[in-house]
>>> print(open('work-v6.txt').read())   # compact mmCIF, C-alpha atoms
# COMPACT_ATOMS: atom_id res chain seq x y z
CA LEU D 1 105.66 90.67 83.49
CA ALA D 2 109.05 89.20 84.25
CA LYS D 3 109.32 85.48 83.58
CA THR D 4 110.68 83.26 86.33
CA THR D 5 112.54 79.96 86.12
CA GLN D 6 112.92 77.60 89.05
CA PRO D 7 113.71 73.88 89.41
CA ILE D 8 110.77 71.56 88.94
CA SER D 9 111.57 69.51 92.02
CA MET D 10 114.00 69.11 94.90
CA ASP D 11 114.55 66.51 97.59
CA SER D 12 115.98 67.14 101.03
CA TYR D 13 116.42 65.26 104.27
CA GLU D 14 114.83 66.45 107.47
CA GLY D 15 116.93 68.92 109.42
CA GLN D 16 118.81 70.22 106.41
CA GLU D 17 118.77 73.75 105.05
CA VAL D 18 117.08 74.01 101.66
CA ASN D 19 117.85 76.70 99.11
CA ILE D 20 115.56 77.16 96.13
CA THR D 21 116.85 79.51 93.47
CA CYS D 22 114.68 81.41 91.03
CA SER D 23 115.92 83.19 87.91
CA HIS D 24 114.22 86.36 86.71
CA ASN D 25 116.52 87.94 84.15
CA ASN D 26 113.96 90.48 82.94
CA ILE D 27 113.00 91.86 86.33
CA ALA D 28 111.96 95.50 86.15
CA THR D 29 113.16 98.27 88.40
CA ASN D 30 109.87 98.45 90.28
CA ASP D 31 109.36 94.69 90.62
CA TYR D 32 109.33 92.90 93.95
CA ILE D 33 110.07 89.21 94.44
CA THR D 34 107.50 87.17 96.33
CA TRP D 35 107.48 83.53 97.36
CA TYR D 36 104.43 81.42 98.10
CA GLN D 37 104.03 77.91 99.53
CA GLN D 38 101.24 75.55 98.52
CA PHE D 39 100.25 72.29 100.17
CA PRO D 40 98.09 69.78 98.24
CA SER D 41 94.44 70.80 97.98
CA GLN D 42 95.08 74.13 99.66
CA GLY D 43 95.52 77.67 98.42
CA PRO D 44 99.01 79.19 98.24
CA ARG D 45 100.32 80.88 101.35
CA PHE D 46 102.50 83.98 101.29
CA ILE D 47 105.96 83.24 102.70
CA ILE D 48 108.22 86.20 102.09
CA GLN D 49 108.75 89.22 99.86
CA GLY D 50 111.79 91.31 99.08
CA TYR D 51 113.28 93.90 96.78
CA LYS D 52 117.02 93.63 97.34
CA THR D 53 119.71 92.19 99.63
CA LYS D 54 118.31 89.97 102.37
CA VAL D 55 114.95 89.61 104.05
CA THR D 56 114.29 87.28 106.96
CA ASN D 57 111.15 86.34 108.80
CA GLU D 58 110.12 83.55 111.14
CA VAL D 59 109.63 81.13 108.25
CA ALA D 60 112.40 81.77 105.72
CA SER D 61 115.11 84.02 104.37
CA LEU D 62 115.24 85.56 100.94
CA PHE D 63 118.56 86.44 99.35
CA ILE D 64 118.64 88.81 96.39
CA PRO D 65 121.96 89.72 94.71
CA ALA D 66 122.73 93.22 93.60
CA ASP D 67 121.71 92.62 89.96
CA ARG D 68 118.35 91.18 91.15
CA LYS D 69 118.31 88.70 88.26
CA SER D 70 117.83 85.83 90.65
CA SER D 71 116.72 85.16 94.19
CA THR D 72 117.13 82.32 96.66
CA LEU D 73 114.57 81.18 99.16
CA SER D 74 116.26 79.57 102.15
CA LEU D 75 114.35 77.28 104.49
CA PRO D 76 116.32 76.46 107.64
CA ARG D 77 116.20 72.94 109.04
CA VAL D 78 113.26 71.61 107.03
CA SER D 79 110.80 69.15 108.46
CA LEU D 80 108.36 66.76 106.78
CA SER D 81 105.67 69.44 107.02
CA ASP D 82 107.68 71.65 104.66
CA THR D 83 106.90 69.27 101.81
CA ALA D 84 105.03 71.52 99.39
CA VAL D 85 105.26 73.40 96.12
CA TYR D 86 107.11 76.71 96.32
CA TYR D 87 106.37 79.47 93.82
CA CYS D 88 108.59 82.40 92.95
CA LEU D 89 106.77 85.42 91.55
CA VAL D 90 107.98 88.75 90.28
CA GLY D 91 105.64 91.68 90.08
CA ARG D 92 105.26 95.32 90.70
CA GLY D 93 105.03 95.75 94.41
CA GLY D 94 102.37 97.95 95.85
CA ALA D 95 99.15 98.86 94.20
CA GLY D 96 98.16 98.16 90.66
CA SER D 97 99.89 95.01 89.49
CA TYR D 98 96.94 92.58 89.97
CA GLN D 99 98.58 89.93 87.87
CA LEU D 100 100.36 87.38 90.01
CA THR D 101 101.69 84.85 87.50
CA PHE D 102 102.19 81.47 89.12
CA GLY D 103 104.36 79.05 87.17
CA LYS D 104 104.65 75.38 88.01
CA GLY D 105 106.79 76.08 91.06
CA THR D 106 109.32 73.83 92.77
CA LYS D 107 108.02 70.69 94.39
CA LEU D 108 110.04 70.16 97.56
CA SER D 109 109.97 66.68 99.05
CA VAL D 110 111.40 66.32 102.55
CA ILE D 111 112.62 62.82 103.30
CA PRO D 112 112.75 61.37 106.84
CA SER H 113 92.17 89.21 111.76
CA GLN H 114 91.10 88.65 108.20
CA THR H 115 89.56 85.41 107.01
CA ILE H 116 88.40 84.25 103.61
CA HIS H 117 85.71 81.67 103.04
CA GLN H 118 84.80 79.66 99.99
CA TRP H 119 81.99 77.23 99.36
CA PRO H 120 81.29 74.62 98.49
CA ALA H 121 84.52 72.76 99.23
CA THR H 122 83.85 70.14 96.56
CA LEU H 123 81.39 69.99 93.71
CA VAL H 124 80.55 67.44 91.05
CA GLN H 125 78.48 68.77 88.18
CA PRO H 126 77.35 67.39 84.81
CA VAL H 127 78.40 69.02 81.57
CA GLY H 128 76.02 71.79 80.60
CA SER H 129 74.86 72.54 84.11
CA PRO H 130 75.20 75.98 85.73
CA LEU H 131 77.79 76.92 88.33
CA SER H 132 77.92 79.31 91.24
CA LEU H 133 80.90 79.49 93.59
CA GLU H 134 80.93 82.00 96.40
CA CYS H 135 83.75 83.72 98.23
CA THR H 136 83.48 86.07 101.21
CA VAL H 137 86.12 87.97 103.13
CA GLU H 138 85.91 89.09 106.74
CA GLY H 139 87.97 91.53 108.73
CA THR H 140 88.90 93.95 105.98
CA SER H 141 87.20 96.50 103.80
CA ASN H 142 87.67 97.52 100.16
CA PRO H 143 89.79 94.47 99.33
CA ASN H 144 90.90 93.51 95.86
CA LEU H 145 89.38 90.14 95.07
CA TYR H 146 90.62 87.45 92.71
CA TRP H 147 89.47 84.16 91.19
CA TYR H 148 92.11 81.63 90.14
CA ARG H 149 91.89 78.16 88.64
CA GLN H 150 94.45 75.43 89.04
CA ALA H 151 94.23 72.44 86.72
CA ALA H 152 95.75 69.17 87.89
CA GLY H 153 99.54 69.39 88.07
CA ARG H 154 99.66 72.95 86.82
CA GLY H 155 100.18 76.44 88.15
CA LEU H 156 97.48 78.90 89.04
CA GLN H 157 95.72 80.82 86.33
CA LEU H 158 94.18 84.18 87.15
CA LEU H 159 90.60 84.28 85.85
CA PHE H 160 89.12 87.52 87.23
CA TYR H 161 89.98 90.31 89.58
CA SER H 162 87.91 93.08 91.11
CA VAL H 163 88.95 96.37 92.65
CA GLY H 164 85.47 97.32 93.83
CA ILE H 165 81.75 96.56 93.83
CA GLY H 166 80.55 95.86 90.32
CA GLN H 167 84.06 96.22 88.85
CA ILE H 168 85.30 93.02 87.21
CA SER H 169 88.31 92.50 84.98
CA SER H 170 88.66 89.29 83.02
CA GLU H 171 92.08 87.83 82.30
CA VAL H 172 91.04 84.84 80.24
CA PRO H 173 88.06 84.75 77.84
CA GLN H 174 85.93 81.70 78.56
CA ASN H 175 82.46 80.60 79.54
CA LEU H 176 82.92 81.77 83.12
CA SER H 177 81.84 85.08 84.61
CA ALA H 178 82.33 86.84 87.92
CA SER H 179 80.34 89.31 89.93
CA ARG H 180 80.92 91.36 93.04
CA PRO H 181 77.54 92.34 94.47
CA GLN H 182 78.97 93.44 97.82
CA ASP H 183 82.32 94.79 99.00
CA ARG H 184 83.47 91.48 100.47
CA GLN H 185 81.61 89.01 98.27
CA PHE H 186 82.89 87.58 95.01
CA ILE H 187 80.96 85.06 92.91
CA LEU H 188 82.14 82.88 90.05
CA SER H 189 79.46 81.63 87.68
CA SER H 190 78.83 79.72 84.52
CA LYS H 191 75.65 79.14 82.55
CA LYS H 192 76.86 75.88 81.02
CA LEU H 193 79.86 73.97 82.34
CA LEU H 194 82.37 72.29 80.05
CA LEU H 195 84.57 69.31 80.85
CA SER H 196 87.55 71.65 80.68
CA ASP H 197 86.14 73.69 83.56
CA SER H 198 87.18 70.97 86.02
CA GLY H 199 89.84 72.13 88.44
CA PHE H 200 90.64 73.69 91.77
CA TYR H 201 89.14 77.16 92.10
CA LEU H 202 90.72 79.58 94.50
CA CYS H 203 89.53 82.94 95.70
CA ALA H 204 92.04 85.43 97.07
CA TRP H 205 92.11 88.93 98.45
CA SER H 206 94.72 91.64 98.78
CA SER H 207 94.85 95.15 100.04
CA LEU H 208 94.79 98.00 97.57
CA ALA H 209 98.27 99.02 98.66
CA ASP H 210 99.96 95.65 98.16
CA THR H 211 98.52 93.54 95.36
CA ASP H 212 101.52 91.18 95.32
CA THR H 213 100.63 89.83 98.76
CA GLN H 214 97.49 87.83 98.26
CA TYR H 215 95.66 85.69 100.80
CA PHE H 216 93.95 82.62 99.46
CA GLY H 217 90.84 80.79 100.54
CA PRO H 218 90.56 77.03 101.02
CA GLY H 219 89.43 76.45 97.46
CA THR H 220 86.66 74.54 95.69
CA ARG H 221 87.41 71.28 93.89
CA LEU H 222 85.12 71.18 90.83
CA THR H 223 84.70 68.03 88.78
CA VAL H 224 82.64 68.25 85.61
CA LEU H 225 81.45 64.88 84.31
>>> encode(input="work-v6.txt", output="structure tokens")
Amino acid sequence: LAKTTQPISMDSYEGQEVNITCSHNNIATNDYITWYQQFPSQGPRFIIQGYKTKVTNEVASLFIPADRKSSTLSLPRVSLSDTAVYYCLVGRGGAGSYQLTFGKGTKLSVIP
Amino acid sequence: SQTIHQWPATLVQPVGSPLSLECTVEGTSNPNLYWYRQAAGRGLQLLFYSVGIGQISSEVPQNLSASRPQDRQFILSSKKLLLSDSGFYLCAWSSLADTDTQYFGPGTRLTVL
């Protein structure tokens, strides 16, 4: 399983765009990159998943450079409700991986 | 739509007592099911996963066990709880085709005294 490294914490003001970068130097050819969001005392929630280039949904964008050794989760115009822990995971997409390895994640604090 | 339920929401148990946490999924069939534990201030640790009725794989050896008596029911048990079993227990499901996209339940906060 590829190891991921992301900042322990980040602060941002409301209305700003937040970019959280995750390093995964040992990503395998078949690995996908998935981001989850977790609020206190709740289970993680799937945000976005990608393999290469850029993926966008109604919640966030995910930027993946050509070498795929890192990825950046972009949250546009954050609000106080975006305060949460964000996890970057790398695993074999599709069937058979089973082992989602959650690290400590990045604790995002949005300031009024 | 699919929903996942866990109960109880909170539990306080003495050391040495048994444990049974239940998880059920609605709106899907043949899901993969998972049990995770999150200790205070730490990431999630995968404890067990199941790809079908009666099929359990353990990721971490410990005094916990899991069972899947029905397709959409997953149970986490212990015969004798330890202090170190305290934590936030999360059940999750995924489809067979995409095991990286997992959907988590509301969790059970277990405190062992």
>>> residues_around(input="work-v6.txt", residues="H:Trp147", least_positions_apart="3", cutoff="9 Å", atoms="all atoms listed in the file", output="list in words")
Gln157, Leu158, Leu159, Phe160, Tyr161, Ala178, Phe186, Ile187, Leu188, Tyr201, Leu202, Cys203 and Ala204 of chain H
>>> write_last_selection(input="work-v6.txt", atoms="C-alpha atoms", output="JSON list (two decimals), in the coordinates of the input")
[["chain", "number", "residue", "atom", "x", "y", "z"],
["H", 157, "GLN", "CA", 95.72, 80.82, 86.33],
["H", 158, "LEU", "CA", 94.18, 84.18, 87.15],
["H", 159, "LEU", "CA", 90.60, 84.28, 85.85],
["H", 160, "PHE", "CA", 89.12, 87.52, 87.23],
["H", 161, "TYR", "CA", 89.98, 90.31, 89.58],
["H", 178, "ALA", "CA", 82.33, 86.84, 87.92],
["H", 186, "PHE", "CA", 82.89, 87.58, 95.01],
["H", 187, "ILE", "CA", 80.96, 85.06, 92.91],
["H", 188, "LEU", "CA", 82.14, 82.88, 90.05],
["H", 201, "TYR", "CA", 89.14, 77.16, 92.10],
["H", 202, "LEU", "CA", 90.72, 79.58, 94.50],
["H", 203, "CYS", "CA", 89.53, 82.94, 95.70],
["H", 204, "ALA", "CA", 92.04, 85.43, 97.07]]
>>> interface_residues(input="work-v6.txt", of="chain D", to="chain H", cutoff="12 Å", atoms="all atoms listed in the file", output="number ranges by chain")
D: 8, 31-50, 85-107
>>> atom_distance(input="work-v6.txt", atom1="atom CA of H:His117", atom2="atom CA of H:Pro130")
21.0 Å
>>> atom_distance(input="work-v6.txt", atom1="atom CA of H:Gly164", atom2="atom CA of D:Asn30")
24.7 Å
>>> residues_around(input="work-v6.txt", residues="H:Val137", least_positions_apart="6", cutoff="6 Å", atoms="all atoms listed in the file", output="CSV table (one decimal) with C-alpha atoms, in the frame of the given file")
chain,number,residue,atom,x,y,z
H,115,THR,CA,89.6,85.4,107.0
H,116,ILE,CA,88.4,84.2,103.6
H,184,ARG,CA,83.5,91.5,100.5
>>> atom_distance(input="work-v6.txt", atom1="atom CA of D:Lys54", atom2="atom CA of H:Pro143")
29.0 Å
>>> build_atoms(input="work-v6.txt", residues="stretch 29-40 of chain D", atoms="all heavy atoms", output="short mmCIF file (atom, residue, chain, number, x, y, z; two decimals), in the coordinates of the input")
data_model
loop_
_atom_site.label_atom_id
_atom_site.label_comp_id
_atom_site.auth_asym_id
_atom_site.auth_seq_id
_atom_site.Cartn_x
_atom_site.Cartn_y
_atom_site.Cartn_z
N THR D 29 112.69 97.48 87.28
CA THR D 29 113.16 98.27 88.40
C THR D 29 112.17 98.29 89.56
O THR D 29 112.56 98.25 90.73
CB THR D 29 113.45 99.72 87.95
OG1 THR D 29 114.41 99.69 86.91
CG2 THR D 29 113.98 100.55 89.11
N ASN D 30 110.89 98.34 89.23
CA ASN D 30 109.87 98.45 90.28
C ASN D 30 109.35 97.11 90.79
O ASN D 30 108.49 97.08 91.66
CB ASN D 30 108.67 99.25 89.75
CG ASN D 30 109.02 100.69 89.46
OD1 ASN D 30 109.91 101.26 90.08
ND2 ASN D 30 108.35 101.27 88.48
N ASP D 31 109.87 96.02 90.25
CA ASP D 31 109.36 94.69 90.62
C ASP D 31 109.87 94.24 91.98
O ASP D 31 111.04 94.43 92.32
CB ASP D 31 109.76 93.65 89.57
CG ASP D 31 108.95 93.74 88.31
OD1 ASP D 31 107.88 94.36 88.33
OD2 ASP D 31 109.38 93.15 87.29
N TYR D 32 108.98 93.59 92.73
CA TYR D 32 109.33 92.90 93.95
C TYR D 32 109.35 91.40 93.69
O TYR D 32 108.77 90.93 92.71
CB TYR D 32 108.32 93.21 95.06
CG TYR D 32 108.54 94.53 95.72
CD1 TYR D 32 108.29 95.73 95.04
CD2 TYR D 32 109.00 94.61 97.02
CE1 TYR D 32 108.49 96.95 95.64
CE2 TYR D 32 109.21 95.83 97.64
CZ TYR D 32 108.95 97.00 96.95
OH TYR D 32 109.15 98.20 97.54
N ILE D 33 110.00 90.66 94.56
CA ILE D 33 110.07 89.21 94.44
C ILE D 33 109.31 88.62 95.62
O ILE D 33 109.57 88.97 96.78
CB ILE D 33 111.54 88.73 94.47
CG1 ILE D 33 112.30 89.37 93.30
CG2 ILE D 33 111.60 87.21 94.39
CD1 ILE D 33 113.77 89.50 93.54
N THR D 34 108.37 87.75 95.31
CA THR D 34 107.50 87.17 96.33
C THR D 34 107.51 85.66 96.21
O THR D 34 107.48 85.12 95.11
CB THR D 34 106.07 87.69 96.17
OG1 THR D 34 106.08 89.13 96.07
CG2 THR D 34 105.20 87.28 97.36
N TRP D 35 107.53 84.99 97.33
CA TRP D 35 107.48 83.53 97.36
C TRP D 35 106.23 83.07 98.10
O TRP D 35 105.86 83.60 99.14
CB TRP D 35 108.72 82.95 98.04
CG TRP D 35 109.96 83.02 97.21
CD1 TRP D 35 110.76 84.10 97.01
CD2 TRP D 35 110.55 81.95 96.46
NE1 TRP D 35 111.81 83.79 96.19
CE2 TRP D 35 111.71 82.47 95.83
CE3 TRP D 35 110.23 80.61 96.25
CZ2 TRP D 35 112.54 81.69 95.01
CZ3 TRP D 35 111.05 79.84 95.45
CH2 TRP D 35 112.18 80.38 94.84
N TYR D 36 105.60 82.03 97.50
CA TYR D 36 104.43 81.42 98.10
C TYR D 36 104.68 79.92 98.29
O TYR D 36 105.47 79.30 97.57
CB TYR D 36 103.20 81.58 97.19
CG TYR D 36 102.57 82.95 97.21
CD1 TYR D 36 103.15 84.00 96.50
CD2 TYR D 36 101.41 83.19 97.93
CE1 TYR D 36 102.57 85.27 96.52
CE2 TYR D 36 100.82 84.45 97.94
CZ TYR D 36 101.41 85.47 97.24
OH TYR D 36 100.83 86.72 97.25
N GLN D 37 103.96 79.35 99.25
CA GLN D 37 104.03 77.91 99.53
C GLN D 37 102.63 77.33 99.35
O GLN D 37 101.65 77.94 99.78
CB GLN D 37 104.48 77.72 100.98
CG GLN D 37 104.46 76.30 101.51
CD GLN D 37 104.63 76.28 103.02
OE1 GLN D 37 103.86 76.90 103.76
NE2 GLN D 37 105.66 75.59 103.50
N GLN D 38 102.54 76.18 98.69
CA GLN D 38 101.24 75.55 98.52
C GLN D 38 101.29 74.08 98.88
O GLN D 38 102.07 73.32 98.30
CB GLN D 38 100.73 75.71 97.08
CG GLN D 38 99.31 75.18 96.89
CD GLN D 38 98.77 75.35 95.49
OE1 GLN D 38 99.52 75.43 94.53
NE2 GLN D 38 97.45 75.41 95.35
N PHE D 39 100.42 73.70 99.82
CA PHE D 39 100.25 72.29 100.17
C PHE D 39 99.15 71.71 99.27
O PHE D 39 98.30 72.45 98.76
CB PHE D 39 99.86 72.15 101.63
CG PHE D 39 100.91 72.64 102.58
CD1 PHE D 39 100.68 73.77 103.35
CD2 PHE D 39 102.12 71.98 102.71
CE1 PHE D 39 101.64 74.24 104.23
CE2 PHE D 39 103.09 72.44 103.58
CZ PHE D 39 102.85 73.58 104.33
N PRO D 40 99.12 70.39 99.09
CA PRO D 40 98.09 69.78 98.24
C PRO D 40 96.69 70.15 98.70
O PRO D 40 96.40 70.16 99.90
CB PRO D 40 98.37 68.28 98.41
CG PRO D 40 99.82 68.20 98.77
CD PRO D 40 100.10 69.41 99.59
#
